[in-house]
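**Student:** Quick one, data-v4.txt (compact mmCIF, C-alpha atoms):
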```txt
# COMPACT_ATOMS: atom_id res chain seq x y z
CA MET A 1 2.15 -86.87 67.25
CA SER A 2 4.55 -83.92 67.01
CA GLN A 3 1.81 -81.73 65.51
CA TYR A 4 -0.48 -82.66 68.41
CA ARG A 5 2.22 -81.73 70.92
CA VAL A 6 2.81 -78.38 69.23
CA ALA A 7 -0.92 -77.62 69.20
CA SER A 8 -1.23 -78.68 72.85
CA SER A 9 1.73 -76.54 73.85
CA THR A 10 0.27 -73.53 72.03
CA ALA A 11 -3.12 -73.98 73.69
CA ASN A 12 -1.48 -74.27 77.11
CA ALA A 13 0.53 -71.10 76.49
CA ARG A 14 -2.65 -69.22 75.58
CA ALA A 15 -4.37 -70.52 78.71
CA LEU A 16 -1.49 -69.40 80.94
CA ALA A 17 -1.53 -65.99 79.26
CA PHE A 18 -5.24 -65.76 80.11
CA VAL A 19 -4.47 -66.63 83.74
CA ARG A 20 -1.78 -63.95 83.89
CA ARG A 21 -4.17 -61.34 82.47
CA VAL A 22 -6.87 -62.11 85.04
CA HIS A 23 -4.53 -61.99 88.05
CA PRO A 24 -3.85 -58.21 88.20
CA MET A 25 -7.49 -57.44 87.38
CA ARG A 26 -8.65 -59.65 90.25
CA MET A 27 -6.25 -57.90 92.64
CA LEU A 28 -7.41 -54.49 91.45
CA GLY A 29 -11.08 -55.40 91.81
CA ALA A 30 -10.59 -56.85 95.29
CA TRP A 31 -8.76 -53.75 96.53
CA LEU A 32 -11.22 -51.33 94.99
CA LEU A 33 -14.36 -53.09 96.23
CA ALA A 34 -12.85 -53.42 99.70
CA LEU A 35 -13.15 -49.63 100.09
CA PRO A 36 -16.97 -49.30 100.20
CA TYR A 37 -17.39 -52.56 102.13
CA ALA A 38 -14.85 -51.43 104.72
CA SER A 39 -16.89 -48.24 105.08
CA VAL A 40 -20.06 -50.28 105.62
CA MET A 41 -18.30 -52.58 108.12
CA LEU A 42 -17.15 -49.58 110.15
CA GLU A 43 -20.68 -48.17 110.22
CA GLN A 44 -22.13 -51.53 111.29
CA ARG A 45 -19.36 -52.24 113.82
CA ALA A 46 -18.72 -55.59 112.20
CA PRO A 47 -17.09 -58.36 114.32
CA TRP A 48 -13.46 -59.27 113.83
CA GLY A 49 -14.37 -62.41 111.86
CA VAL A 50 -15.76 -60.24 109.06
CA TRP A 51 -12.55 -58.23 108.93
CA LEU A 52 -10.54 -61.45 108.74
CA ALA A 53 -12.72 -62.56 105.82
CA MET A 54 -12.09 -59.25 104.10
CA GLY A 55 -8.34 -59.60 104.64
CA PHE A 56 -8.44 -63.06 103.08
CA ASN A 57 -10.48 -61.81 100.12
CA VAL A 58 -8.17 -58.86 99.45
CA LEU A 59 -4.72 -60.08 100.46
CA LEU A 60 -4.74 -63.84 99.84
CA TRP A 61 -7.49 -64.91 97.47
CA PRO A 62 -6.18 -63.24 94.25
CA HIS A 63 -2.78 -64.91 94.67
CA LEU A 64 -4.18 -68.29 95.68
CA ALA A 65 -6.47 -68.23 92.64
CA PHE A 66 -3.51 -67.41 90.40
CA LEU A 67 -1.33 -70.18 91.83
CA TRP A 68 -4.16 -72.69 91.60
CA ALA A 69 -4.88 -71.92 87.96
CA ARG A 70 -1.22 -71.68 86.94
CA SER A 71 -0.34 -75.06 88.47
CA SER A 72 -3.43 -76.81 87.09
CA ARG A 73 -3.19 -79.27 84.20
CA ARG A 74 -6.01 -77.24 82.61
CA PRO A 75 -5.25 -73.60 83.47
CA ALA A 76 -8.15 -72.08 81.54
CA ALA A 77 -10.74 -74.36 83.15
CA ALA A 78 -9.28 -73.66 86.60
CA GLU A 79 -9.41 -69.92 85.94
CA PHE A 80 -13.04 -70.09 84.89
CA ARG A 81 -13.78 -71.86 88.19
CA ASN A 82 -11.95 -69.04 89.97
CA LEU A 83 -14.16 -66.52 88.19
CA LEU A 84 -17.22 -68.33 89.50
CA LEU A 85 -15.72 -68.30 93.00
CA ASP A 86 -15.26 -64.53 92.64
CA ALA A 87 -18.98 -64.30 91.98
CA MET A 88 -19.69 -66.44 95.05
CA LEU A 89 -17.58 -64.07 97.18
CA GLY A 90 -19.44 -61.12 95.71
CA GLY A 91 -22.77 -62.59 96.81
CA PHE A 92 -21.32 -63.17 100.27
CA TRP A 93 -20.24 -59.53 100.67
CA ILE A 94 -23.57 -58.18 99.47
CA ALA A 95 -25.28 -60.25 102.17
CA VAL A 96 -22.77 -59.30 104.88
CA SER A 97 -23.21 -55.61 104.05
CA GLN A 98 -26.94 -56.04 104.75
CA VAL A 99 -27.64 -55.28 101.09
CA SER A 100 -26.12 -51.83 101.14
CA LEU A 101 -27.44 -50.80 97.75
CA VAL A 102 -24.65 -48.80 96.12
CA PRO A 103 -21.77 -51.17 97.03
CA ALA A 104 -23.98 -54.03 95.81
CA VAL A 105 -24.51 -52.29 92.45
CA ALA A 106 -20.77 -51.63 92.15
CA THR A 107 -20.00 -55.28 92.92
CA VAL A 108 -22.54 -56.64 90.44
CA SER A 109 -21.40 -54.20 87.73
CA ILE A 110 -17.72 -55.01 88.05
CA LEU A 111 -18.18 -58.77 88.31
CA ALA A 112 -20.65 -58.82 85.42
CA ALA A 113 -18.39 -56.79 83.12
CA ASP A 114 -15.39 -58.95 83.99
CA ARG A 115 -17.24 -62.28 83.48
CA LEU A 116 -18.69 -61.09 80.17
CA ALA A 117 -15.26 -59.98 78.91
CA ALA A 118 -13.61 -63.22 80.03
CA GLY A 119 -16.15 -65.84 78.98
CA GLY A 120 -19.11 -64.26 77.22
CA TRP A 121 -22.77 -64.58 78.11
CA ARG A 122 -22.51 -68.22 79.15
CA LEU A 123 -19.98 -67.46 81.89
CA LEU A 124 -21.94 -64.37 82.91
CA GLY A 125 -25.13 -66.41 83.30
CA ARG A 126 -23.39 -69.07 85.42
CA ALA A 127 -21.70 -66.40 87.56
CA ALA A 128 -25.02 -64.60 88.10
CA LEU A 129 -26.61 -67.83 89.31
CA VAL A 130 -23.68 -68.57 91.65
CA MET A 131 -23.80 -65.03 93.05
CA LEU A 132 -27.54 -65.21 93.63
CA VAL A 133 -27.37 -68.57 95.41
CA SER A 134 -24.42 -67.41 97.53
CA PHE A 135 -26.25 -64.22 98.48
CA LEU A 136 -29.50 -65.99 99.42
CA LEU A 137 -27.74 -68.63 101.54
CA CYS A 138 -25.57 -66.10 103.41
CA TRP A 139 -28.39 -63.57 103.81
CA SER A 140 -30.73 -66.24 105.18
CA ALA A 141 -28.04 -67.46 107.59
CA LEU A 142 -27.56 -63.90 108.87
CA GLY A 143 -31.28 -63.40 109.45
CA MET A 144 -31.99 -61.37 106.30
CA PRO A 145 -30.72 -58.00 107.58
CA LEU A 146 -31.54 -55.05 105.35
CA GLN A 147 -29.90 -51.59 105.39
CA PRO A 148 -29.97 -50.53 101.72
CA VAL A 149 -29.34 -46.79 102.16
CA PRO A 150 -25.58 -45.99 102.21
CA THR A 151 -23.87 -43.06 103.84
CA LEU A 152 -22.28 -40.34 101.73
CA ARG A 153 -18.82 -41.78 102.44
CA THR A 154 -19.89 -45.24 101.27
CA LEU A 155 -21.54 -43.72 98.20
CA VAL A 156 -18.34 -41.93 97.18
CA LEU A 157 -16.17 -44.98 97.86
CA SER A 158 -18.54 -47.10 95.74
CA MET A 159 -18.23 -44.83 92.73
CA LEU A 160 -14.42 -45.04 92.68
CA PRO A 161 -14.22 -48.81 91.99
CA VAL A 162 -16.64 -48.62 89.06
CA PHE A 163 -14.76 -45.71 87.47
CA VAL A 164 -11.23 -47.08 87.95
CA TYR A 165 -12.08 -50.68 87.10
CA THR A 166 -13.93 -49.66 83.94
CA LEU A 167 -10.85 -47.75 82.78
CA ALA A 168 -8.58 -50.69 83.59
CA LEU A 169 -10.83 -53.18 81.78
CA SER A 170 -11.06 -50.89 78.76
CA HIS A 171 -7.26 -50.64 78.69
CA VAL A 172 -6.89 -54.43 78.75
CA THR A 173 -9.52 -54.82 76.03
CA HIS A 174 -7.83 -52.18 73.87
CA ARG A 175 -4.44 -53.85 74.28
CA LEU A 176 -5.86 -57.25 73.36
CA GLY A 177 -7.57 -55.70 70.34
CA ARG A 178 -4.26 -54.28 69.13
CA GLN A 179 -2.58 -57.65 69.61
CA ILE A 180 -5.30 -59.32 67.54
CA VAL A 181 -4.86 -56.74 64.76
CA GLN A 182 -1.11 -57.33 64.73
CA GLN A 183 -1.60 -61.11 64.70
CA ASN A 184 -4.05 -60.82 61.81
CA ARG A 185 -1.58 -58.70 59.89
CA GLU A 186 1.16 -61.25 60.48
CA LEU A 187 -1.15 -64.08 59.45
CA ASP A 188 -2.09 -62.19 56.30
CA ARG A 189 1.60 -61.65 55.54
CA LEU A 190 2.33 -65.34 56.03
CA ASN A 191 -0.59 -66.29 53.79
CA HIS A 192 0.82 -64.12 51.01
CA THR A 193 4.54 -64.74 51.49
CA ASP A 194 6.99 -67.48 50.70
CA THR A 195 8.62 -67.32 54.12
CA GLY A 196 11.75 -69.20 53.03
CA LEU A 197 12.68 -66.45 50.56
CA ASP A 198 10.68 -63.53 51.97
CA LEU A 199 8.95 -63.08 48.62
CA PRO A 200 5.24 -62.95 47.77
CA ASN A 201 3.87 -66.37 46.87
CA ARG A 202 1.92 -67.51 43.79
CA ARG A 203 -1.47 -66.64 45.27
CA PHE A 204 -0.43 -63.08 46.06
CA PHE A 205 1.24 -62.77 42.65
CA ASN A 206 -1.98 -63.77 40.89
CA GLN A 207 -3.90 -61.07 42.79
CA ARG A 208 -1.37 -58.35 42.01
CA ALA A 209 -1.07 -59.42 38.37
CA ALA A 210 -4.85 -59.24 37.96
CA ASP A 211 -4.80 -55.75 39.50
CA ALA A 212 -1.94 -54.73 37.17
CA ILE A 213 -3.92 -55.88 34.14
CA ALA A 214 -7.00 -53.94 35.25
CA GLN A 215 -5.00 -50.77 36.00
CA ALA A 216 -3.07 -50.94 32.74
CA ARG A 217 -6.21 -51.31 30.65
CA GLU A 218 -8.15 -48.66 32.54
CA HIS A 219 -5.44 -45.99 32.47
CA GLY A 220 -3.36 -47.04 29.47
CA HIS A 221 -0.25 -47.79 31.57
CA ASP A 222 2.59 -50.03 30.46
CA ALA A 223 2.87 -53.40 32.15
CA VAL A 224 5.59 -55.97 31.58
CA LEU A 225 5.95 -59.44 33.06
CA LEU A 226 9.31 -61.15 33.54
CA LEU A 227 9.43 -64.88 34.23
CA VAL A 228 12.75 -66.01 35.70
CA ASP A 229 13.92 -69.62 35.78
CA VAL A 230 17.16 -70.76 37.44
CA ASP A 231 19.29 -72.64 34.92
CA ARG A 232 20.16 -76.25 35.75
CA PHE A 233 18.90 -75.90 39.29
CA LYS A 234 18.52 -79.66 39.73
CA SER A 235 22.17 -80.09 38.83
CA ILE A 236 23.12 -77.52 41.49
CA ASN A 237 21.20 -79.48 44.12
CA ASP A 238 22.66 -82.79 42.98
CA ARG A 239 26.25 -81.58 42.85
CA TYR A 240 26.46 -79.11 45.74
CA GLY A 241 23.55 -80.12 47.96
CA HIS A 242 20.16 -78.62 48.73
CA GLY A 243 21.68 -76.17 51.20
CA VAL A 244 23.63 -74.51 48.41
CA GLY A 245 20.56 -74.62 46.19
CA ASP A 246 18.53 -72.81 48.85
CA GLN A 247 21.31 -70.23 49.18
CA VAL A 248 21.20 -69.61 45.42
CA LEU A 249 17.43 -69.07 45.59
CA ARG A 250 17.76 -66.66 48.52
CA GLN A 251 20.36 -64.57 46.75
CA ILE A 252 18.29 -64.43 43.55
CA ALA A 253 15.27 -63.41 45.62
CA GLN A 254 17.32 -60.56 47.10
CA LEU A 255 18.39 -59.46 43.61
CA LEU A 256 14.76 -59.47 42.49
CA HIS A 257 13.90 -57.16 45.40
CA GLU A 258 16.70 -54.81 44.32
CA GLN A 259 15.78 -54.84 40.64
CA ALA A 260 12.06 -54.37 41.30
CA GLY A 261 12.53 -50.83 42.59
CA GLU A 262 9.60 -49.02 44.19
CA ASP A 263 6.92 -49.99 41.68
CA GLY A 264 7.94 -53.51 40.72
CA PHE A 265 6.47 -56.64 42.30
CA PRO A 266 8.67 -59.75 42.63
CA ALA A 267 7.27 -63.15 43.57
CA ARG A 268 8.16 -66.83 43.77
CA ILE A 269 5.69 -68.78 41.63
CA GLY A 270 7.29 -72.22 41.76
CA GLY A 271 10.26 -74.22 43.04
CA ASP A 272 12.98 -72.34 41.13
CA GLU A 273 10.73 -70.01 39.14
CA PHE A 274 10.19 -66.35 39.88
CA ALA A 275 8.16 -63.53 38.40
CA LEU A 276 8.63 -59.79 38.32
CA LEU A 277 5.83 -57.36 37.46
CA LEU A 278 7.03 -54.01 36.12
CA ALA A 279 5.00 -50.89 35.33
CA CYS A 280 7.33 -49.48 32.69
CA PRO A 281 7.90 -49.50 28.91
CA PRO A 282 9.27 -52.74 27.39
CA ALA A 283 12.67 -51.20 26.66
CA GLN A 284 13.13 -50.31 30.33
CA ALA A 285 11.94 -53.76 31.38
CA ALA A 286 14.48 -55.33 29.00
CA ALA A 287 17.23 -53.34 30.71
CA VAL A 288 16.03 -54.61 34.11
CA ALA A 289 16.04 -58.18 32.81
CA ASP A 290 19.58 -57.84 31.47
CA SER A 291 20.77 -56.25 34.71
CA LEU A 292 19.22 -59.10 36.69
CA ARG A 293 20.79 -61.71 34.46
CA ARG A 294 24.26 -60.18 34.85
CA ALA A 295 23.82 -59.78 38.62
CA VAL A 296 22.92 -63.47 39.01
CA ALA A 297 25.91 -64.52 36.91
CA GLY A 298 28.13 -62.47 39.21
CA LEU A 299 26.95 -64.06 42.45
CA ALA A 300 29.74 -65.25 44.71
CA LEU A 301 28.99 -68.36 46.72
CA PRO A 302 31.45 -69.29 49.50
CA HIS A 303 32.86 -72.82 49.38
CA CYS A 304 31.52 -73.28 45.83
CA PRO A 305 34.19 -71.68 43.62
CA GLY A 306 33.13 -73.62 40.55
CA LEU A 307 29.48 -72.66 40.75
CA VAL A 308 28.34 -69.91 38.37
CA PRO A 309 24.54 -69.65 38.59
CA GLY A 310 22.47 -68.34 35.73
CA VAL A 311 18.88 -67.54 34.90
CA SER A 312 16.79 -67.56 31.76
CA ILE A 313 14.29 -64.72 31.59
CA GLY A 314 11.18 -64.47 29.47
CA MET A 315 9.66 -61.01 28.97
CA ALA A 316 6.16 -60.20 27.78
CA ALA A 317 4.48 -56.81 27.60
CA LEU A 318 0.74 -56.79 28.24
CA GLU A 319 -1.00 -56.71 24.87
CA PRO A 320 -4.63 -56.01 23.93
CA GLY A 321 -4.89 -59.58 22.67
CA HIS A 322 -4.14 -61.03 26.11
CA ARG A 323 -7.52 -62.09 27.51
CA GLY A 324 -6.18 -62.35 31.05
CA LEU A 325 -3.33 -63.50 33.23
CA ASP A 326 -3.10 -66.94 31.63
CA ASP A 327 -2.47 -65.46 28.20
CA TRP A 328 0.06 -63.01 29.59
CA MET A 329 1.87 -65.73 31.54
CA GLY A 330 1.81 -67.95 28.45
CA ALA A 331 3.54 -65.29 26.37
CA ALA A 332 6.24 -64.77 29.00
CA ASP A 333 6.65 -68.52 29.40
CA ARG A 334 7.21 -68.99 25.67
CA ALA A 335 9.78 -66.19 25.72
CA MET A 336 11.56 -67.87 28.65
CA TYR A 337 11.82 -71.20 26.85
CA ALA A 338 13.10 -69.36 23.81
CA ALA A 339 15.82 -67.90 26.03
CA LYS A 340 16.69 -71.41 27.25
CA ALA A 341 16.86 -72.61 23.64
CA ASP A 342 19.36 -69.87 22.92
CA GLY A 343 21.78 -71.46 25.34
CA ARG A 344 20.37 -70.43 28.76
CA GLY A 345 21.61 -67.46 30.74
CA ALA A 346 19.72 -65.18 28.36
CA ALA A 347 16.88 -62.71 28.51
```
With the file now loaded, output its structure as structure tokens.

**Tutor:**
Amino acid sequence: MSQYRVASSTANARALAFVRRVHPMRMLGAWLLALPYASVMLEQRAPWGVWLAMGFNVLLWPHLAFLWARSSRRPAAAEFRNLLLDAMLGGFWIAVSQVSLVPAVATVSILAADRLAAGGWRLLGRAALVMLVSFLLCWSALGMPLQPVPTLRTLVLSMLPVFVYTLALSHVTHRLGRQIVQQNRELDRLNHTDTGLDLPNRRFFNQRAADAIAQAREHGHDAVLLLVDVDRFKSINDRYGHGVGDQVLRQIAQLLHEQAGEDGFPARIGGDEFALLLACPPAQAAAVADSLRRAVAGLALPHCPGLVPGVSIGMAALEPGHRGLDDWMGAADRAMYAAKADGRGAA
């Protein structure tokens, strides 16, 4: 049930974000398209009722649509209905303008681009049908007036909405694209990271280890694998609690980051098991292992004065006889158990 509530809350948050994105674009479109239609209304000496309708469309409708969608139990569905109502209003204004051609083209272009960006071809098709029906009904009711040729003023004022709105829509699309890229990067990081310790996980380690093997064999580089196991970790959890055990793991993870340097690759490969890939000669790797062992033994844990953590480290250089990662891991694993047999806390 809790997972369902989290998923529902996330979906609702996305829907409200969609509603908030549409609101300023609807206001901008209404204001911009009002310019050429106001020019046409002045030329046609439109009655006051038409001007009231324009005032409603420009001043009230964008905010009413926003409030309606935001307060709805299904904000996204309500917003899609609003987008269809926008198309209906567009058909109305094309009819009222007596099919003034250039404002009509500007209206259709802006509404079509917006519907396509918001809901794809399906929404665009529904909006086109709504606009057509609205236009035919209003135009028939008005007696099918036709004055398609605009004045120069109306022509200029019709070009401005298309230019400005296209820039605004491109900006919104670009911003959303950047957000998606950032979200994908974060998702990729989460897929490759043990978030509790901020270390790469086993899957990412396997990929990097396979790359290290290929690079070492192609270019003749040194490659050494350290497997690190926390000594008596179960006893730490049993005696001091899992909170202290998690603290020990976090501090060891931090030490692995420090010992890895610029070229090393630390990872968590199991509950209390870690790995460290090093691109250096075995003697240098042995020094890193000994430094890590001593650093872990020197960890200070508040409220646990009797706790002295330790690690056993197995080291294996990549050899020609290793057929792949399993062989290399097996060699390091045997070295680690040999270190445990020597009394633990050894490398």

**Student:** Considering all atoms listed in the file, can you say which of A:Gly310, A:Pro103, A:Pro282, A:Pro266 comes closest to Pro148 (chain A)?

**Tutor:** A:Pro103

**Student:** Identify the residues within 12 Å of coordinate (-16.1, -65.0, 79.8) (same frame as the file), considering all atoms listed in the file, and give the answer as a PyMOL selection string.

**Tutor:** chain A and resi 18+22+76-77+79-84+111-127

**Student:** So, counting all atoms listed in the file, which residue among A:Ser312, A:Gln183, A:Thr166, A:Ser109 is closest to Asp229 (chain A)?

**Tutor:**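 Smallest distance to Asp229 (chain A) is found for A:Ser312.
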
**Student:** Do a neighbour search on region 212-220 of chain A at 12 Å with only C-alpha atoms, toss out local chain neighbours closer than 4 positions, and write the hits as a PyMOL selection string.

**Tutor:** chain A and resi 205-208+224-225+263-265+276-281+317-329

**Student:** Asn57 (chain A): which residues within 12 Å, counting only C-alpha atoms, same-chain residues fewer than 4 positions away excluded, as a tab-separated table (two decimals) with C-alpha atoms, in the frame of the given file?

**Tutor:**
```tsv
chain	number	residue	atom	x	y	z
A	26	ARG	CA	-8.65	-59.65	90.25
A	27	MET	CA	-6.25	-57.90	92.64
A	28	LEU	CA	-7.41	-54.49	91.45
A	29	GLY	CA	-11.08	-55.40	91.81
A	30	ALA	CA	-10.59	-56.85	95.29
A	31	TRP	CA	-8.76	-53.75	96.53
A	32	LEU	CA	-11.22	-51.33	94.99
A	33	LEU	CA	-14.36	-53.09	96.23
A	34	ALA	CA	-12.85	-53.42	99.70
A	37	TYR	CA	-17.39	-52.56	102.13
A	50	VAL	CA	-15.76	-60.24	109.06
A	51	TRP	CA	-12.55	-58.23	108.93
A	52	LEU	CA	-10.54	-61.45	108.74
A	53	ALA	CA	-12.72	-62.56	105.82
A	61	TRP	CA	-7.49	-64.91	97.47
A	62	PRO	CA	-6.18	-63.24	94.25
A	63	HIS	CA	-2.78	-64.91	94.67
A	64	LEU	CA	-4.18	-68.29	95.68
A	65	ALA	CA	-6.47	-68.23	92.64
A	85	LEU	CA	-15.72	-68.30	93.00
A	86	ASP	CA	-15.26	-64.53	92.64
A	88	MET	CA	-19.69	-66.44	95.05
A	89	LEU	CA	-17.58	-64.07	97.18
A	90	GLY	CA	-19.44	-61.12	95.71
A	92	PHE	CA	-21.32	-63.17	100.27
A	93	TRP	CA	-20.24	-59.53	100.67
```

**Student:** Residues at most 12 Å from Asp246 (chain A), counting all atoms listed in the file, excluding those fewer than 4 positions away in the same chain, as a PyMOL selection string?

**Tutor:** chain A and resi 196-197+230+233-234+236-237+240-242+250-253+271-272+301

**Student:** Please, what distance in Å, to one decimal, runs between CA of Asn201 (chain A) and CA of Ala275 (chain A)?

**Tutor:** 9.9 Å

**Student:** Kindly indicate which residue among A:Leu35, A:Leu137, A:Ala78, A:Leu307 lies nearest to Leu157 (chain A), using all atoms listed in the file for the distances.

**Tutor:**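 Among A:Leu35, A:Leu137, A:Ala78, A:Leu307, it is A:Leu35 that comes nearest to Leu157 (chain A).
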
**Student:** Could you check which of A:Ala341, A:Ala297, A:Glu43, A:Thr10 is closest to Gly314 (chain A), using all atoms listed in the file?

**Tutor:** A:Ala341

**Student:** Could you jot down the CA of Arg239 (chain A) to CA of Leu255 (chain A) separation for me, Å, one decimal place?

**Tutor:**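 Answer for the CA of Arg239 (chain A) to CA of Leu255 (chain A) separation: 23.5 Å.
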
**Student:** Would you pick out the contacts of region 95-97 of chain A at 9 Å or less, using all atoms listed in the file, so that residues sharing its chain but fewer than 6 positions from it are not included, and give the list as a VMD selection string?

**Tutor:** chain A and resid 37 40 to 41 44 50 103 to 104 134 to 140 142 144 to 148

**Student:** Counting all atoms listed in the file, figure out which residue out of A:Val311, A:Ala223, A:Ala283, A:Ala210 gets nearest to Leu256 (chain A).

**Tutor:**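 Of all the options, A:Val311 lies closest to Leu256 (chain A).
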